[in-house]
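As structure tokens, the structure follows; a few thoughts come after it.
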There are 2 protein chains.
Amino acid sequence: MNLRFLLFCFIFCCANVAFAQDSTAEDTDAFYIKKIYTAALSEGKCYEWLTDMTTNIGGRLAGSPQAAAAVDWTKQMLDTLGLDKVYLQPCMVPHWDRGDKEIVRVATSVAGSMDLRALALGNSVGTGDAGVSGEVIEVQSLDEVDELGEKVRGKIVFYNRPMDGSNFRTFTAYGGAGDQRVFGPSKAAEYGAKAVLVRSLTTRLDDYPHTGTLIYKNENQKIPACAVSTNDAEKLSRLIKAGKTTVYLRTTSQMLSDKPSANVIGEIRGSEFPDEIILVGGHLDSWDVGRGAHDDGAGCVHAMDVLQLMKRLNYKPKRTIRCVLFMNEENGLAGAKEYWKQSDANNEYHLAALESDSGGFTPRGFQTDGHPDTYTENHRSLTKWLPLLEPYGLGLTTGGSGADISGLKEQKGLLIGFRPDSQRYFDYHHTEIDNIDAVNKRELELGAASILSLVYLIDKYGL
Amino acid sequence: MNLRFLLFCFIFCCANVAFAQDSTAEDTDAFYIKKIYTAALSEGKCYEWLTDMTTNIGGRLAGSPQAAAAVDWTKQMLDTLGLDKVYLQPCMVPHWDRGDKEIVRVATSVAGSMDLRALALGNSVGTGDAGVSGEVIEVQSLDEVDELGEKVRGKIVFYNRPMDGSNFRTFTAYGGAGDQRVFGPSKAAEYGAKAVLVRSLTTRLDDYPHTGTLIYKNENQKIPACAVSTNDAEKLSRLIKAGKTTVYLRTTSQMLSDKPSANVIGEIRGSEFPDEIILVGGHLDSWDVGRGAHDDGAGCVHAMDVLQLMKRLNYKPKRTIRCVLFMNEENGLAGAKEYWKQSDANNEYHLAALESDSGGFTPRGFQTDGHPDTYTENHRSLTKWLPLLEPYGLGLTTGGSGADISGLKEQKGLLIGFRPDSQRYFDYHHTEIDNIDAVNKRELELGAASILSLVYLIDKYGL
């Protein structure tokens with residue numbers, strides 16, 4: 001792309017003046033939204049904050065010293081913005097600890113012994129110091145375990161159904177394979193399996209195991225479970241096909257006692273309707289591997305930058321704009337549950353609550369959810385603003401929002417999930433490479449601009 | 001993002017079945033387009049090809065041995081696809097050579113001497129072996145040079161107006177600063193300047209100079225010109241503000257004699273309307289620095305994959321589908337001009353011509369252009385397919401297409417530019433880091449899927 005294209009760009013510049021006419025009339029929303037984008041791309045703080053958070057603090061698993069440091073640091077940052085109120089909302093969080101580096105050692109009849117790249121799943125019990133050994137049996141689904149029944153007793157069950165990379169929608173592909181990680185361990189335990197290995201949830205073939213939480217359905221049937229990288233899942237599968245394969249597994253992960261932690265909250269009080277809250281949020285905790293840059297450092301700095309940019313633009317909201325950085329989304333939602341409880345106890349009303357928890361990529365739009373009594377009308381309010389949002393590549397879909405705000409549905413406001421491009425998300429999700437160098441500055445900043453633009457419209461017009 | 005979100009994904013899976021109903025009826029276009037996406041994401045060859053091309057061949061400047069190797073290799077790849085016709089279309093191309101590593105050495109009154117990271121602009125003359133020295137004078141525009149007039153005589157003019165990073169539209173920002181690179185050297189030469197330095201065209205502050213072509217307006221007034229990295233442009237500007245600053249510049253770039261080269265063409269002949277051509281193309285040449293992964297290896301492998309996927313899907317087009325890999329887009333358009341000439345001489349009719357030359361990022365849609373006699377109606381044909389394209393994040397805009405196909409306008413078909421997300425494009429454009437590791441496999445594959453989907457609709461229904 002070069003010469004003629006550059007000449008075309010000159011023309012495109014001029015053509016854009018035509019589009020820009022709307023946005024040059026100072027009293028229009030188009031003008032204000034353009035101003036928001038300009039400010040976010042030139043005076044946004046989200047990238048600087050995310051760099052600080054990921055570089056100086058690191059992974060922020062609930063209950064860890066890093067999570068505590070993140071609470072302090074975030075509050076300090078919000079304190080610099082001249083908000084009306086910045087405070088911590090205490091909560092007790094589960095404290096899971098990964099323990100020693102996991103060992104997943106394969107001994108085969110044909111290829112000697114080798115270690116697989118693995119990570120214990122969040123909330124998993126450990127094997128104990130001595131580890132466990134057993135023959136590995138590969139399955140593609142929980143149903144297959146039901147069919148095998150007693151045949152898995154004393155074995156290590158290896159769930160190896162891949163995320164469907166041929167699906168355009170990566171989150172759908174994630175949903176289509178995630179039952180193995182979340183419920184696979186309990187299903188295998190039902191029939192007396194010793195442990196579980198799960199293929200990592202990513203469409204790529206690479207060497208990074210992806211952790212993530214599991215749910216034990218039965219308190220008395222907890223068995224250890226690890227994710228293995230997709231490359232190693234392929235290797236293991238080949239070995240199993242070649243002959244009887246035994247794995248030695250050693251993990252010392254354990255659930256410790258609950259710890260005190262907190263949600264971090266900052267707000268600008270509304271000038272006309274202070275009791276109508278518009279929440280923007282993300283979750284401050286992350287997994288312990290990597291630095292939680294996309295998941296969900298990005299969402300946190302998006303929410304913080306919404307307030308920063310409002311102050312910088314000297315925008316005085318009619319409604320209360322509240323930034324909430326939730327604690328413990330990854331393995332318990334303890335912070336969110338505390339927030340919902342307090343909010344209901346105080347008879348609060350969230351006109352809208354928006355969570356950014358899908359990464360810091362180029363914005364594609366918003367997804368909404370809500371209470372049946374009000375949802376249709378609330379969502380329709382947003383659709384009338386589409387002509388203002390579409391020039392920035394933003395669309396609207398229905399059917400979901402975010403985990404941390406889902407409990408606010410009974411307040412009958414609108415729940416909104418920010419949706420950036422998702423094609424790269426599962427390359428990094430829950431791995432050691434979810435770091436700042438996986439985040440593009442402009443793409444991150446555009447997230448803050450997109451969210452603030454929608455918040456501006458909701459604040460100005462209501463729903 | 002974790003537990004509740006995963007549960008939501010399960011639901012989203014089910015919700016998607018509702019959307020997918022359209023695309024499960026085998027006789028619908030929605031079904032076929034879904035099939036195209038599935039094939040591109042699971043059986044596409046574009047990423048493998050781009051890896052080969054960039055790793056084994058490298059930068060492919062017109063006239064270079066690498067460009068010749070790329071012609072051979074591309075023809076070989078097309079030969080494997082079982083097409084009806086694969087051939088080279090010979091053309092003569094300019095052969096510019098960068099020569100030795102550029103030296104741009106600053107001697108200041110306050111900070112000693114230091115070398116700036118610089119690249120000669122494409123088509124620039126060299127300084128000669130001895131180099132040139134002169135006081136640097138910083139300007140923000142060509143107009144400013146006109147105002148300074150004789151004051152620039154004997155000096156080195158430094159154009160330092162940045163690309164406007166606060167603009168959401170990166171191509172508009174590029175167009176808004178690019179006159180300095182393309183026409184700045186001639187403007188400075190008019191008033192007797194010795195040489196020109198230009199701030200690199202990127203919104204980032206980094207250490208990579210961005211090359212690109214210049215145009216000399218007057219054959220007798222050619223002066224050497226280099227791009228410097230944005231970080232070094234900032235440094236140089238500070239030095240100039242601090243006091244009189246002298247630069248020593250040495251470049252040995254030169255324009256050699258024209259060389260024979262070729263466009264590479266492969267086609268599947270239409271079964272019903274073989275004389276209606278649908279062209280898909282990119283340009284095979286790139287700059288000599290970096291490997292031309294996004295610019296425009298991506299466009300080439302997109303076009304090649306359209307044919308590969310058609311064959312794999314056993315799709316028999318009604319119209320002739322022709323893949324054209326143009327030579328010398330970057331500094332002369334010689335291949336494109338030859339193609340236009342031959343096409344007109346053979347009374348060909350391009351019903352549609354589509355170029356991919358904006359990188360291998362997540363697709364956002366298509367931009368169109370055409371002859372006034374037919375354009376409005378042709379573009380309208382595309383808009384009726386929007387409901388089929390929008391589920392894949394594709395939109396339509398007017399006002400442009402691609403440099404290599406622009407000369408086909410008189411044939412009165414529709415000209416189409418493929419438009420992926422552009423936020424990261426100018427991080428890599430014309431630099432040493434435009435390599436395969438800057439390309440995401442899924443994002444690239446989705447480009448081929450998007451283009452093939454549109455080609456499928458045009459082929460099936462005409463315009």
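Scheme for the structure tokens: letters A, B, ... for chains in order shown; per-chain residue numbers from 1; ligand numbers from 1 in order shown.
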Task: Residues of range 76-295 of chain A in strand (DSSP E), written as a VMD selection string - done: chain A and resid 85 to 97 103 to 108 112 to 115 118 to 120 132 to 139 156 to 159 195 to 199 225 to 228 245 to 250 254 to 268 273 to 283
For the residues in that selection, give me C-alpha atoms as a PDB file, in the first residue's frame.
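Below is the file that was written, result-v3.pdb:
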```pdb
ATOM      1  CA  LYS A  85     -15.973   9.626  46.654  1.00  0.00           C
ATOM      2  CA  VAL A  86     -13.347   6.874  46.576  1.00  0.00           C
ATOM      3  CA  TYR A  87     -13.676   3.924  48.939  1.00  0.00           C
ATOM      4  CA  LEU A  88     -13.038   0.264  49.557  1.00  0.00           C
ATOM      5  CA  GLN A  89     -15.895  -2.172  50.030  1.00  0.00           C
ATOM      6  CA  PRO A  90     -14.536  -4.976  52.203  1.00  0.00           C
ATOM      7  CA  CYS A  91     -15.324  -8.596  51.418  1.00  0.00           C
ATOM      8  CA  MET A  92     -13.970 -12.033  52.311  1.00  0.00           C
ATOM      9  CA  VAL A  93     -12.498 -13.970  49.395  1.00  0.00           C
ATOM     10  CA  PRO A  94     -11.454 -17.580  48.874  1.00  0.00           C
ATOM     11  CA  HIS A  95      -7.705 -18.040  48.936  1.00  0.00           C
ATOM     12  CA  TRP A  96      -6.552 -20.756  46.598  1.00  0.00           C
ATOM     13  CA  ASP A  97      -2.837 -21.332  46.296  1.00  0.00           C
ATOM     14  CA  ILE A 103       4.578 -32.116  37.520  1.00  0.00           C
ATOM     15  CA  VAL A 104       2.723 -34.073  34.856  1.00  0.00           C
ATOM     16  CA  ARG A 105       5.132 -36.822  33.828  1.00  0.00           C
ATOM     17  CA  VAL A 106       4.247 -39.328  31.154  1.00  0.00           C
ATOM     18  CA  ALA A 107       5.762 -42.786  31.216  1.00  0.00           C
ATOM     19  CA  THR A 108       4.978 -44.745  28.082  1.00  0.00           C
ATOM     20  CA  GLY A 112      10.252 -43.137  27.750  1.00  0.00           C
ATOM     21  CA  SER A 113       9.279 -40.376  30.162  1.00  0.00           C
ATOM     22  CA  MET A 114       8.572 -36.724  29.526  1.00  0.00           C
ATOM     23  CA  ASP A 115       7.012 -33.778  31.318  1.00  0.00           C
ATOM     24  CA  ALA A 118       0.613 -28.094  32.758  1.00  0.00           C
ATOM     25  CA  LEU A 119      -1.153 -25.847  35.246  1.00  0.00           C
ATOM     26  CA  ALA A 120      -3.432 -26.943  38.075  1.00  0.00           C
ATOM     27  CA  VAL A 132      -0.532 -39.969  42.079  1.00  0.00           C
ATOM     28  CA  SER A 133       0.065 -42.338  39.178  1.00  0.00           C
ATOM     29  CA  GLY A 134      -2.370 -44.008  36.890  1.00  0.00           C
ATOM     30  CA  GLU A 135      -3.143 -45.135  33.399  1.00  0.00           C
ATOM     31  CA  VAL A 136      -4.529 -42.332  31.257  1.00  0.00           C
ATOM     32  CA  ILE A 137      -7.801 -42.783  29.475  1.00  0.00           C
ATOM     33  CA  GLU A 138      -8.697 -40.232  26.807  1.00  0.00           C
ATOM     34  CA  VAL A 139     -12.256 -39.017  26.355  1.00  0.00           C
ATOM     35  CA  ILE A 156      -6.549 -40.566  35.114  1.00  0.00           C
ATOM     36  CA  VAL A 157      -9.191 -39.150  32.774  1.00  0.00           C
ATOM     37  CA  PHE A 158      -7.893 -36.923  29.969  1.00  0.00           C
ATOM     38  CA  TYR A 159     -10.506 -34.637  28.378  1.00  0.00           C
ATOM     39  CA  ALA A 195      -7.222 -37.314  38.655  1.00  0.00           C
ATOM     40  CA  VAL A 196      -8.093 -35.333  35.555  1.00  0.00           C
ATOM     41  CA  LEU A 197      -6.120 -33.725  32.743  1.00  0.00           C
ATOM     42  CA  VAL A 198      -7.860 -31.238  30.446  1.00  0.00           C
ATOM     43  CA  ARG A 199      -6.780 -29.919  27.062  1.00  0.00           C
ATOM     44  CA  ALA A 225      -7.076 -31.580  37.900  1.00  0.00           C
ATOM     45  CA  CYS A 226      -4.604 -29.901  35.544  1.00  0.00           C
ATOM     46  CA  ALA A 227      -4.796 -28.205  32.153  1.00  0.00           C
ATOM     47  CA  VAL A 228      -2.113 -29.221  29.643  1.00  0.00           C
ATOM     48  CA  THR A 245       0.223 -44.713  28.861  1.00  0.00           C
ATOM     49  CA  THR A 246       0.793 -43.907  32.509  1.00  0.00           C
ATOM     50  CA  VAL A 247       1.019 -40.439  34.024  1.00  0.00           C
ATOM     51  CA  TYR A 248       2.556 -39.353  37.290  1.00  0.00           C
ATOM     52  CA  LEU A 249       0.921 -36.187  38.577  1.00  0.00           C
ATOM     53  CA  ARG A 250       2.101 -34.036  41.443  1.00  0.00           C
ATOM     54  CA  GLN A 254      -4.835 -26.127  48.090  1.00  0.00           C
ATOM     55  CA  MET A 255      -7.695 -23.980  49.262  1.00  0.00           C
ATOM     56  CA  LEU A 256      -6.612 -22.001  52.330  1.00  0.00           C
ATOM     57  CA  SER A 257      -8.807 -20.007  54.721  1.00  0.00           C
ATOM     58  CA  ASP A 258     -10.803 -17.077  53.346  1.00  0.00           C
ATOM     59  CA  LYS A 259      -8.987 -13.747  53.424  1.00  0.00           C
ATOM     60  CA  PRO A 260     -10.169 -10.175  53.758  1.00  0.00           C
ATOM     61  CA  SER A 261     -10.036  -8.183  50.547  1.00  0.00           C
ATOM     62  CA  ALA A 262     -12.124  -5.457  48.895  1.00  0.00           C
ATOM     63  CA  ASN A 263     -13.831  -4.007  45.854  1.00  0.00           C
ATOM     64  CA  VAL A 264     -12.455  -0.586  44.906  1.00  0.00           C
ATOM     65  CA  ILE A 265     -15.050   2.061  44.114  1.00  0.00           C
ATOM     66  CA  GLY A 266     -14.881   5.642  42.896  1.00  0.00           C
ATOM     67  CA  GLU A 267     -17.732   7.883  41.841  1.00  0.00           C
ATOM     68  CA  ILE A 268     -18.832  11.228  40.526  1.00  0.00           C
ATOM     69  CA  PHE A 273     -30.490  12.386  39.389  1.00  0.00           C
ATOM     70  CA  PRO A 274     -27.864  11.290  41.904  1.00  0.00           C
ATOM     71  CA  ASP A 275     -29.855   8.197  42.821  1.00  0.00           C
ATOM     72  CA  GLU A 276     -29.675   6.831  39.296  1.00  0.00           C
ATOM     73  CA  ILE A 277     -26.370   4.981  39.165  1.00  0.00           C
ATOM     74  CA  ILE A 278     -24.487   4.189  35.995  1.00  0.00           C
ATOM     75  CA  LEU A 279     -21.858   1.605  36.870  1.00  0.00           C
ATOM     76  CA  VAL A 280     -18.735   0.940  34.793  1.00  0.00           C
ATOM     77  CA  GLY A 281     -16.541  -1.877  35.968  1.00  0.00           C
ATOM     78  CA  GLY A 282     -14.070  -4.671  35.516  1.00  0.00           C
ATOM     79  CA  HIS A 283     -12.497  -7.156  37.881  1.00  0.00           C
TER      80      HIS A 283
END
```
Open item on the list: I want to know what sits within 8 Å of Asp100 in chain B, based on only C-alpha atoms, with residues of the same chain fewer than 5 positions away left out; could you give that as a ChimeraX atom specification?
Closed with: /B:251-253
Open item on the list: Can you pull out the residues contacting range 347-354 of chain A? Cut-off 10 Å, using only C-alpha atoms, and skip same-chain residues under 2 positions away; I want them as a ChimeraX atom specification.
Closed with: /A:275-282,303,319-324,340-345,356-357,366-368,370,378,401-402,404-406,408-418,451,454-455,458-459,462-463
Restricted to N, CA and C atoms, what would the selected residues look like written as a compact mmCIF listing (two decimals), in the first residue's frame?
```
# COMPACT_ATOMS: atom_id res chain seq x y z
N ASP A 275 -29.48 9.55 42.41
CA ASP A 275 -29.86 8.20 42.82
C ASP A 275 -29.93 7.22 41.65
N GLU A 276 -29.75 7.73 40.45
CA GLU A 276 -29.67 6.83 39.30
C GLU A 276 -28.20 6.55 39.01
N ILE A 277 -27.79 5.32 39.29
CA ILE A 277 -26.37 4.98 39.16
C ILE A 277 -26.08 4.38 37.80
N ILE A 278 -25.02 4.86 37.18
CA ILE A 278 -24.49 4.19 36.00
C ILE A 278 -23.14 3.60 36.40
N LEU A 279 -23.08 2.29 36.43
CA LEU A 279 -21.86 1.61 36.87
C LEU A 279 -20.99 1.24 35.66
N VAL A 280 -19.69 1.49 35.77
CA VAL A 280 -18.73 0.94 34.79
C VAL A 280 -17.71 0.15 35.59
N GLY A 281 -17.43 -1.06 35.15
CA GLY A 281 -16.54 -1.88 35.97
C GLY A 281 -15.77 -2.94 35.22
N GLY A 282 -14.85 -3.52 35.96
CA GLY A 282 -14.07 -4.67 35.52
C GLY A 282 -13.69 -5.42 36.78
N ALA A 303 -12.56 1.23 32.92
CA ALA A 303 -13.52 1.85 33.84
C ALA A 303 -12.91 3.07 34.52
N ARG A 319 -26.30 11.97 36.24
CA ARG A 319 -26.50 10.79 37.07
C ARG A 319 -25.18 10.41 37.75
N THR A 320 -25.24 9.58 38.73
CA THR A 320 -24.02 9.16 39.43
C THR A 320 -23.26 8.14 38.60
N ILE A 321 -22.03 8.48 38.28
CA ILE A 321 -21.19 7.56 37.51
C ILE A 321 -20.24 6.87 38.49
N ARG A 322 -20.37 5.57 38.57
CA ARG A 322 -19.60 4.82 39.58
C ARG A 322 -18.71 3.77 38.91
N CYS A 323 -17.44 3.87 39.20
CA CYS A 323 -16.47 2.88 38.73
C CYS A 323 -16.28 1.83 39.83
N VAL A 324 -16.52 0.57 39.49
CA VAL A 324 -16.36 -0.50 40.48
C VAL A 324 -15.36 -1.54 39.96
N TRP A 340 -23.56 -6.65 45.33
CA TRP A 340 -25.01 -6.80 45.09
C TRP A 340 -25.78 -6.70 46.41
N LYS A 341 -25.22 -7.37 47.44
CA LYS A 341 -25.89 -7.40 48.75
C LYS A 341 -26.01 -5.99 49.32
N GLN A 342 -24.87 -5.27 49.30
CA GLN A 342 -24.87 -3.90 49.85
C GLN A 342 -25.78 -3.00 49.04
N SER A 343 -25.73 -3.16 47.73
CA SER A 343 -26.53 -2.30 46.87
C SER A 343 -28.01 -2.49 47.14
N ASP A 344 -28.43 -3.75 47.25
CA ASP A 344 -29.84 -4.03 47.54
C ASP A 344 -30.21 -3.53 48.94
N ALA A 345 -29.30 -3.74 49.89
CA ALA A 345 -29.58 -3.31 51.26
C ALA A 345 -29.76 -1.80 51.33
N SER A 356 -16.57 -4.36 31.44
CA SER A 356 -15.60 -4.68 30.40
C SER A 356 -14.77 -5.85 30.89
N ASP A 357 -15.00 -7.02 30.32
CA ASP A 357 -14.27 -8.22 30.75
C ASP A 357 -14.08 -9.17 29.57
N PHE A 366 -21.52 -3.57 21.99
CA PHE A 366 -22.02 -3.88 23.32
C PHE A 366 -23.08 -4.98 23.23
N GLN A 367 -23.15 -5.75 24.30
CA GLN A 367 -24.18 -6.78 24.39
C GLN A 367 -25.00 -6.47 25.64
N THR A 368 -26.29 -6.70 25.58
CA THR A 368 -27.12 -6.28 26.71
C THR A 368 -27.93 -7.43 27.29
N GLY A 370 -31.03 -7.96 30.79
CA GLY A 370 -31.81 -7.22 31.77
C GLY A 370 -33.01 -7.99 32.26
N ASN A 378 -35.49 -0.91 27.50
CA ASN A 378 -34.14 -0.39 27.77
C ASN A 378 -33.19 -0.63 26.61
N SER A 401 -24.10 -9.92 29.48
CA SER A 401 -23.44 -8.69 29.96
C SER A 401 -22.11 -9.07 30.59
N GLY A 402 -22.05 -9.20 31.90
CA GLY A 402 -20.80 -9.54 32.57
C GLY A 402 -21.09 -10.22 33.89
N ASP A 404 -19.79 -9.95 36.90
CA ASP A 404 -19.81 -9.15 38.13
C ASP A 404 -21.04 -8.28 38.28
N ILE A 405 -21.74 -8.05 37.17
CA ILE A 405 -22.92 -7.19 37.26
C ILE A 405 -24.22 -7.99 37.13
N SER A 406 -24.08 -9.29 36.89
CA SER A 406 -25.27 -10.10 36.59
C SER A 406 -26.28 -10.10 37.75
N LEU A 408 -27.25 -7.72 39.49
CA LEU A 408 -28.01 -6.47 39.61
C LEU A 408 -29.29 -6.49 38.80
N LYS A 409 -29.58 -7.61 38.19
CA LYS A 409 -30.72 -7.69 37.25
C LYS A 409 -32.05 -7.34 37.92
N GLU A 410 -32.20 -7.72 39.18
CA GLU A 410 -33.47 -7.48 39.88
C GLU A 410 -33.76 -5.99 40.06
N GLN A 411 -32.72 -5.16 39.95
CA GLN A 411 -32.95 -3.71 40.06
C GLN A 411 -33.59 -3.16 38.78
N LYS A 412 -33.67 -4.00 37.75
CA LYS A 412 -34.41 -3.68 36.52
C LYS A 412 -33.79 -2.60 35.65
N GLY A 413 -32.52 -2.30 35.90
CA GLY A 413 -31.81 -1.43 34.96
C GLY A 413 -31.28 -2.27 33.80
N LEU A 414 -30.47 -1.64 32.95
CA LEU A 414 -29.93 -2.37 31.80
C LEU A 414 -28.51 -2.86 32.13
N LEU A 415 -28.24 -4.12 31.85
CA LEU A 415 -26.91 -4.68 32.03
C LEU A 415 -26.22 -4.74 30.67
N ILE A 416 -24.96 -4.31 30.64
CA ILE A 416 -24.26 -4.17 29.36
C ILE A 416 -22.87 -4.79 29.44
N GLY A 417 -22.54 -5.59 28.46
CA GLY A 417 -21.17 -6.10 28.35
C GLY A 417 -20.46 -5.41 27.20
N PHE A 418 -19.29 -4.87 27.46
CA PHE A 418 -18.48 -4.28 26.38
C PHE A 418 -17.88 -5.43 25.57
N ILE A 451 -16.77 3.03 25.63
CA ILE A 451 -17.58 2.91 26.85
C ILE A 451 -18.05 4.29 27.31
N LEU A 454 -20.97 5.66 25.26
CA LEU A 454 -22.28 5.10 25.61
C LEU A 454 -22.75 5.63 26.97
N VAL A 455 -21.82 5.72 27.92
CA VAL A 455 -22.18 6.23 29.24
C VAL A 455 -22.67 7.68 29.13
N ILE A 458 -26.27 7.61 27.85
CA ILE A 458 -27.20 7.15 28.89
C ILE A 458 -27.36 8.23 29.96
N ASP A 459 -26.25 8.84 30.32
CA ASP A 459 -26.31 9.88 31.36
C ASP A 459 -27.13 11.08 30.89
N GLY A 462 -30.94 9.33 29.75
CA GLY A 462 -31.61 8.24 30.47
C GLY A 462 -31.93 7.12 29.51
N LEU A 463 -32.75 6.16 29.98
CA LEU A 463 -33.10 5.02 29.10
C LEU A 463 -34.60 5.03 28.82
```
Task: Distance query range 38-47 of chain A at most 7 Å, only C-alpha atoms, self and fewer than 4 positions along chain excluded, as a ChimeraX atom specification - done: /A:34,51,301-302,305,309,441-442,444-446,448-449 /B:165-167
Keeping only N, CA and C atoms, write those residues as a CSV table (one decimal), in the first residue's frame.
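Listing of result-v9.csv after writing:
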```csv
chain,number,residue,atom,x,y,z
A,34,LYS,N,-17.0,12.7,19.2
A,34,LYS,CA,-15.7,12.8,18.6
A,34,LYS,C,-14.7,13.4,19.6
A,51,THR,N,0.1,-0.7,32.1
A,51,THR,CA,1.5,-1.0,32.2
A,51,THR,C,2.0,-1.0,33.6
A,301,VAL,N,-8.8,-0.7,33.8
A,301,VAL,CA,-8.3,0.6,33.4
A,301,VAL,C,-9.3,1.3,32.4
A,302,HIS,N,-10.1,0.5,31.7
A,302,HIS,CA,-11.2,1.1,30.9
A,302,HIS,C,-12.1,1.9,31.9
A,305,ASP,N,-10.5,4.9,33.3
A,305,ASP,CA,-10.3,6.0,32.4
A,305,ASP,C,-11.6,6.7,32.0
A,309,LEU,N,-11.4,10.6,32.1
A,309,LEU,CA,-11.7,11.4,30.9
A,309,LEU,C,-12.9,12.3,31.2
A,441,LYS,N,-1.8,-0.2,22.4
A,441,LYS,CA,-2.3,1.0,23.1
A,441,LYS,C,-3.5,1.6,22.5
A,442,ARG,N,-3.6,1.8,21.2
A,442,ARG,CA,-4.7,2.4,20.5
A,442,ARG,C,-6.0,1.5,20.8
A,444,LEU,N,-6.7,-0.5,23.1
A,444,LEU,CA,-7.1,-0.3,24.5
A,444,LEU,C,-7.8,1.0,24.7
A,445,GLU,N,-7.2,2.1,24.3
A,445,GLU,CA,-7.8,3.4,24.4
A,445,GLU,C,-9.1,3.5,23.8
A,446,LEU,N,-9.3,2.9,22.6
A,446,LEU,CA,-10.6,3.0,22.0
A,446,LEU,C,-11.7,2.3,22.8
A,448,ALA,N,-11.9,2.5,26.1
A,448,ALA,CA,-12.4,3.6,27.0
A,448,ALA,C,-13.2,4.6,26.3
A,449,ALA,N,-12.9,5.0,25.1
A,449,ALA,CA,-13.7,5.9,24.3
A,449,ALA,C,-15.1,5.4,24.0
B,165,GLY,N,-2.5,11.0,16.0
B,165,GLY,CA,-2.9,9.8,16.7
B,165,GLY,C,-4.2,9.9,17.4
B,166,SER,N,-4.7,11.1,17.5
B,166,SER,CA,-6.0,11.3,18.2
B,166,SER,C,-7.2,11.0,17.2
B,167,ASN,N,-6.8,10.8,15.9
B,167,ASN,CA,-7.9,10.5,15.0
B,167,ASN,C,-8.2,9.0,15.0
```
Open item on the list: I want to know what sits within 12 Å of Asp52 in chain A, based on only C-alpha atoms, with residues of the same chain fewer than 5 positions away left out; could you give that as number ranges by chain?
Closed with: A: 45-47, 57-58, 69-70, 73-74, 77, 291, 293, 297-298, 301, 435-436
TODO: Show which residues sit within 12 Å of Pro162 in chain B, as a count of residues only. Count only C-alpha atoms, and ignore same-chain residues fewer than 5 positions away.
DONE: 28
Open item on the list: My list of candidates is B:Tyr208, B:Trp287, B:Tyr461, B:Phe326. Which is closest to Asp427 in chain B when distances are computed with only C-alpha atoms?
Closed with: B:Tyr208
Task: Non-local contacts of Glu219 in chain B (12 Å; only C-alpha atoms; under 6 positions in same chain excluded) as a PyMOL selection string - done: chain B and resi 124-125+186+189-190
Dump C-alpha atoms for the selected residues as a CSV table (one decimal), in the first residue's frame?
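Just written: result-v6.csv:
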```csv
chain,number,residue,atom,x,y,z
B,124,SER,CA,15.4,8.8,-3.4
B,125,VAL,CA,18.7,9.7,-4.9
B,186,SER,CA,10.6,18.4,-4.2
B,189,ALA,CA,14.5,21.4,-3.5
B,190,GLU,CA,12.6,24.2,-5.2
```
